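Reviewing the structure listed below.
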Amino acid sequence: MVLSLHQNMRLDALEPENVAFAKYLTEIGDDPKEDVDLPPSVTRCKDMDGLINSLYPWLETKERVSSERFTERVILSAPNEDVHKINAAAMNALDGDMYTYLAADKLNADDAGNTQRLNSEFLQNLNPPGMPRFKLEIKVGCPIMVLRNLAPSEGLCNGTRLLVTRCGQHVIEAKILTGDKAGEIVFIPRINFKPTATEMNINLTRHQFPICPAYAMTINKSQGQSVKYVGIDLRTPVFSHGQLYVALSRCTAARRINVR
């Protein structure tokens, strides 16, 4: 038996404009084109600051907001470097002290007992996918995302979003924002990361907190999520029509999408 899905249940069905938006999303997915016109209801932002402020307006006013407001909004971008820049800009706008955590990088010997000769500055600039940066900067009150399955039974899975509540020297305290454990306070330690040969041809171990800021995330990382407000950074063209479909369909209404 073959079952076909005909209705986009992610959208708010009670909003009439979403009927046309659902049809638009279906056309993007079924009929890829090199150039795509965005729906007229999508809001265009003049610059990146405008996009950040449209999703997180309280950063500009220094207003304290509930953690639940972070669960319903996110900025999406294609490349990791653009995501990092957006997160850094949003973090700088957040009121409070910046906490900086530097990783400990170690070169390991191969099977023959040989160790590569690479300077520390080179290692610090390495940022393979799925690994935290050498220099992690966060503030109390910022959203973060877990990069490893730390404790699935406690809600700490790869992709889980949290809100930082305290920054300690050896542990970070945070409140879970998504999933069945939403609202619970957890403690995140440093762990070891070792990239595979396909990620980086260097036998490296990085000891760092398994998190990254999460005002923004990559489009690929957002798959499976559904939020009320979405910002999309289109300064760098998306790699495929499928990525544009994923980015647009994360939002439950076209009029709550902002693009740059």
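The way I read the labels, and the way they are meant: chains A, B, ... in the order of the structure tokens, residue 1 as the first residue of every chain, and ligand 1 as the first ligand shown, with later ones counted on from there.
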Where does DSSP see strand (DSSP E or B) in segment 149-222 of chain A, if you list the residues as an MDAnalysis selection string?
chainID A and resid 151 156 161:167 171:176 185:189 191:193 204:208 211:213 216:218
For Leu94 of chain A, please output as a PyMOL selection string all residues within 9 Å (counting only C-alpha atoms; exclusion window: fewer than 5 positions along the same chain).
chain A and resi 58-60+62+89+139+141-142
Excluding same-chain residues fewer than 4 positions from Pro40 of chain A, what lies within 10 Å of it counting only C-alpha atoms, as a ChimeraX atom specification?
/A:44,254-255
DSSP alpha helix (DSSP H) residues within segment 30-222 of chain A, as a PyMOL selection string
chain A and resi 30+48-55+58-61+68-71+80-93+120-124
Could you make a table, as a Markdown table, of the residues of segment 38-128 of chain A that have an atom within 6 Å of an atom of segment 208-230 of chain A, each with its nearest atom pair and distance in Å to one decimal, counting only C-alpha atoms, in chain and number order?
| residue | atom | partner | partner_atom | distance |
| --- | --- | --- | --- | --- |
| A:Glu72 | CA | A:Val227 | CA | 4.7 |
| A:Arg73 | CA | A:Tyr229 | CA | 4.5 |
| A:Val74 | CA | A:Val230 | CA | 5.3 |
| A:Ile75 | CA | A:Ala216 | CA | 4.4 |
| A:Leu76 | CA | A:Met217 | CA | 5.3 |
| A:Ser77 | CA | A:Thr218 | CA | 5.0 |
| A:Ala78 | CA | A:Thr218 | CA | 5.4 |
| A:Val83 | CA | A:Ala216 | CA | 5.7 |
| A:Asn87 | CA | A:Tyr215 | CA | 5.5 |
| A:Ala103 | CA | A:Gln208 | CA | 4.8 |
Could you please take those selected residues and save all heavy atoms as a JSON list (two decimals), in the first residue's frame?
[["chain", "number", "residue", "atom", "x", "y", "z"],
["A", 72, "GLU", "N", 9.99, 29.56, 20.34],
["A", 72, "GLU", "CA", 9.12, 29.80, 19.19],
["A", 72, "GLU", "C", 9.77, 30.62, 18.08],
["A", 72, "GLU", "O", 9.10, 31.08, 17.17],
["A", 72, "GLU", "CB", 7.83, 30.49, 19.64],
["A", 72, "GLU", "CG", 8.06, 31.82, 20.31],
["A", 72, "GLU", "CD", 6.77, 32.45, 20.85],
["A", 72, "GLU", "OE1", 5.77, 31.72, 21.00],
["A", 72, "GLU", "OE2", 6.76, 33.65, 21.09],
["A", 73, "ARG", "N", 11.09, 30.79, 18.12],
["A", 73, "ARG", "CA", 11.76, 31.60, 17.08],
["A", 73, "ARG", "C", 13.21, 31.17, 16.89],
["A", 73, "ARG", "O", 13.88, 30.75, 17.82],
["A", 73, "ARG", "CB", 11.67, 33.08, 17.42],
["A", 73, "ARG", "CG", 12.20, 33.47, 18.79],
["A", 73, "ARG", "CD", 11.79, 34.90, 19.12],
["A", 73, "ARG", "NE", 10.37, 34.97, 19.42],
["A", 73, "ARG", "CZ", 9.59, 36.02, 19.12],
["A", 73, "ARG", "NH1", 10.10, 37.06, 18.50],
["A", 73, "ARG", "NH2", 8.31, 36.00, 19.40],
["A", 74, "VAL", "N", 13.67, 31.30, 15.64],
["A", 74, "VAL", "CA", 15.05, 30.95, 15.29],
["A", 74, "VAL", "C", 15.40, 31.59, 13.96],
["A", 74, "VAL", "O", 14.53, 31.84, 13.13],
["A", 74, "VAL", "CB", 15.23, 29.41, 15.23],
["A", 74, "VAL", "CG1", 14.51, 28.82, 14.02],
["A", 74, "VAL", "CG2", 16.70, 29.04, 15.20],
["A", 75, "ILE", "N", 16.70, 31.88, 13.77],
["A", 75, "ILE", "CA", 17.21, 32.38, 12.50],
["A", 75, "ILE", "C", 17.95, 31.23, 11.81],
["A", 75, "ILE", "O", 18.72, 30.50, 12.45],
["A", 75, "ILE", "CB", 18.16, 33.57, 12.71],
["A", 75, "ILE", "CG1", 17.40, 34.74, 13.35],
["A", 75, "ILE", "CG2", 18.78, 34.01, 11.38],
["A", 75, "ILE", "CD1", 18.29, 35.93, 13.70],
["A", 76, "LEU", "N", 17.73, 31.08, 10.51],
["A", 76, "LEU", "CA", 18.34, 29.99, 9.75],
["A", 76, "LEU", "C", 19.26, 30.55, 8.67],
["A", 76, "LEU", "O", 18.96, 31.56, 8.05],
["A", 76, "LEU", "CB", 17.26, 29.12, 9.09],
["A", 76, "LEU", "CG", 16.22, 28.51, 10.02],
["A", 76, "LEU", "CD1", 15.18, 27.74, 9.21],
["A", 76, "LEU", "CD2", 16.87, 27.60, 11.05],
["A", 77, "SER", "N", 20.39, 29.87, 8.47],
["A", 77, "SER", "CA", 21.32, 30.24, 7.43],
["A", 77, "SER", "C", 21.96, 28.97, 6.88],
["A", 77, "SER", "O", 21.96, 27.93, 7.55],
["A", 77, "SER", "CB", 22.40, 31.18, 7.98],
["A", 77, "SER", "OG", 23.25, 31.65, 6.94],
["A", 78, "ALA", "N", 22.50, 29.05, 5.67],
["A", 78, "ALA", "CA", 23.06, 27.85, 5.04],
["A", 78, "ALA", "C", 24.44, 27.48, 5.58],
["A", 78, "ALA", "O", 24.63, 26.38, 6.10],
["A", 78, "ALA", "CB", 23.09, 28.01, 3.53],
["A", 83, "VAL", "N", 26.20, 31.42, 10.30],
["A", 83, "VAL", "CA", 25.50, 31.15, 11.57],
["A", 83, "VAL", "C", 26.31, 31.68, 12.73],
["A", 83, "VAL", "O", 25.78, 32.31, 13.66],
["A", 83, "VAL", "CB", 25.23, 29.64, 11.72],
["A", 83, "VAL", "CG1", 24.78, 29.32, 13.15],
["A", 83, "VAL", "CG2", 24.19, 29.17, 10.73],
["A", 87, "ASN", "N", 25.12, 34.59, 15.43],
["A", 87, "ASN", "CA", 25.11, 34.31, 16.87],
["A", 87, "ASN", "C", 25.99, 35.30, 17.63],
["A", 87, "ASN", "O", 25.64, 35.75, 18.72],
["A", 87, "ASN", "CB", 25.58, 32.88, 17.14],
["A", 87, "ASN", "CG", 24.49, 31.85, 16.90],
["A", 87, "ASN", "OD1", 23.32, 32.08, 17.21],
["A", 87, "ASN", "ND2", 24.86, 30.71, 16.34],
["A", 103, "ALA", "N", 39.07, 25.92, 24.67],
["A", 103, "ALA", "CA", 39.21, 24.46, 24.66],
["A", 103, "ALA", "C", 40.66, 24.05, 24.88],
["A", 103, "ALA", "O", 41.58, 24.87, 24.79],
["A", 103, "ALA", "CB", 38.70, 23.91, 23.32]]
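Each of A:Ile138, A:Ala182, A:Pro132, A:Ile232 was compared to Leu244 of chain A using only C-alpha atoms, and A:Ile232 turns out to be the nearest.
When only C-alpha atoms are used to measure the gap to Pro129 of chain A, the shortest distance among A:Asn114, A:Thr100, A:Asn80, A:Asn92 belongs to A:Asn80.
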For Pro152 of chain A, the nearest of the candidates A:Arg235, A:Asp47, A:Lys181, A:Arg166, counting only C-alpha atoms:
A:Lys181
As a check of understanding: the span from atom CA of Met98 of chain A to atom CA of Val140 of chain A is 8.1 Å
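Each of A:Asp35, A:Glu154, A:Asp110, A:Glu63 was checked against Glu184 of chain A using only C-alpha atoms; the smallest atom-to-atom distance is that of A:Glu154.
If only C-alpha atoms are the atoms counted, then among A:Asn149, A:Ser249, A:Asn158, A:Gln169 the closest residue to Leu102 of chain A is A:Gln169.
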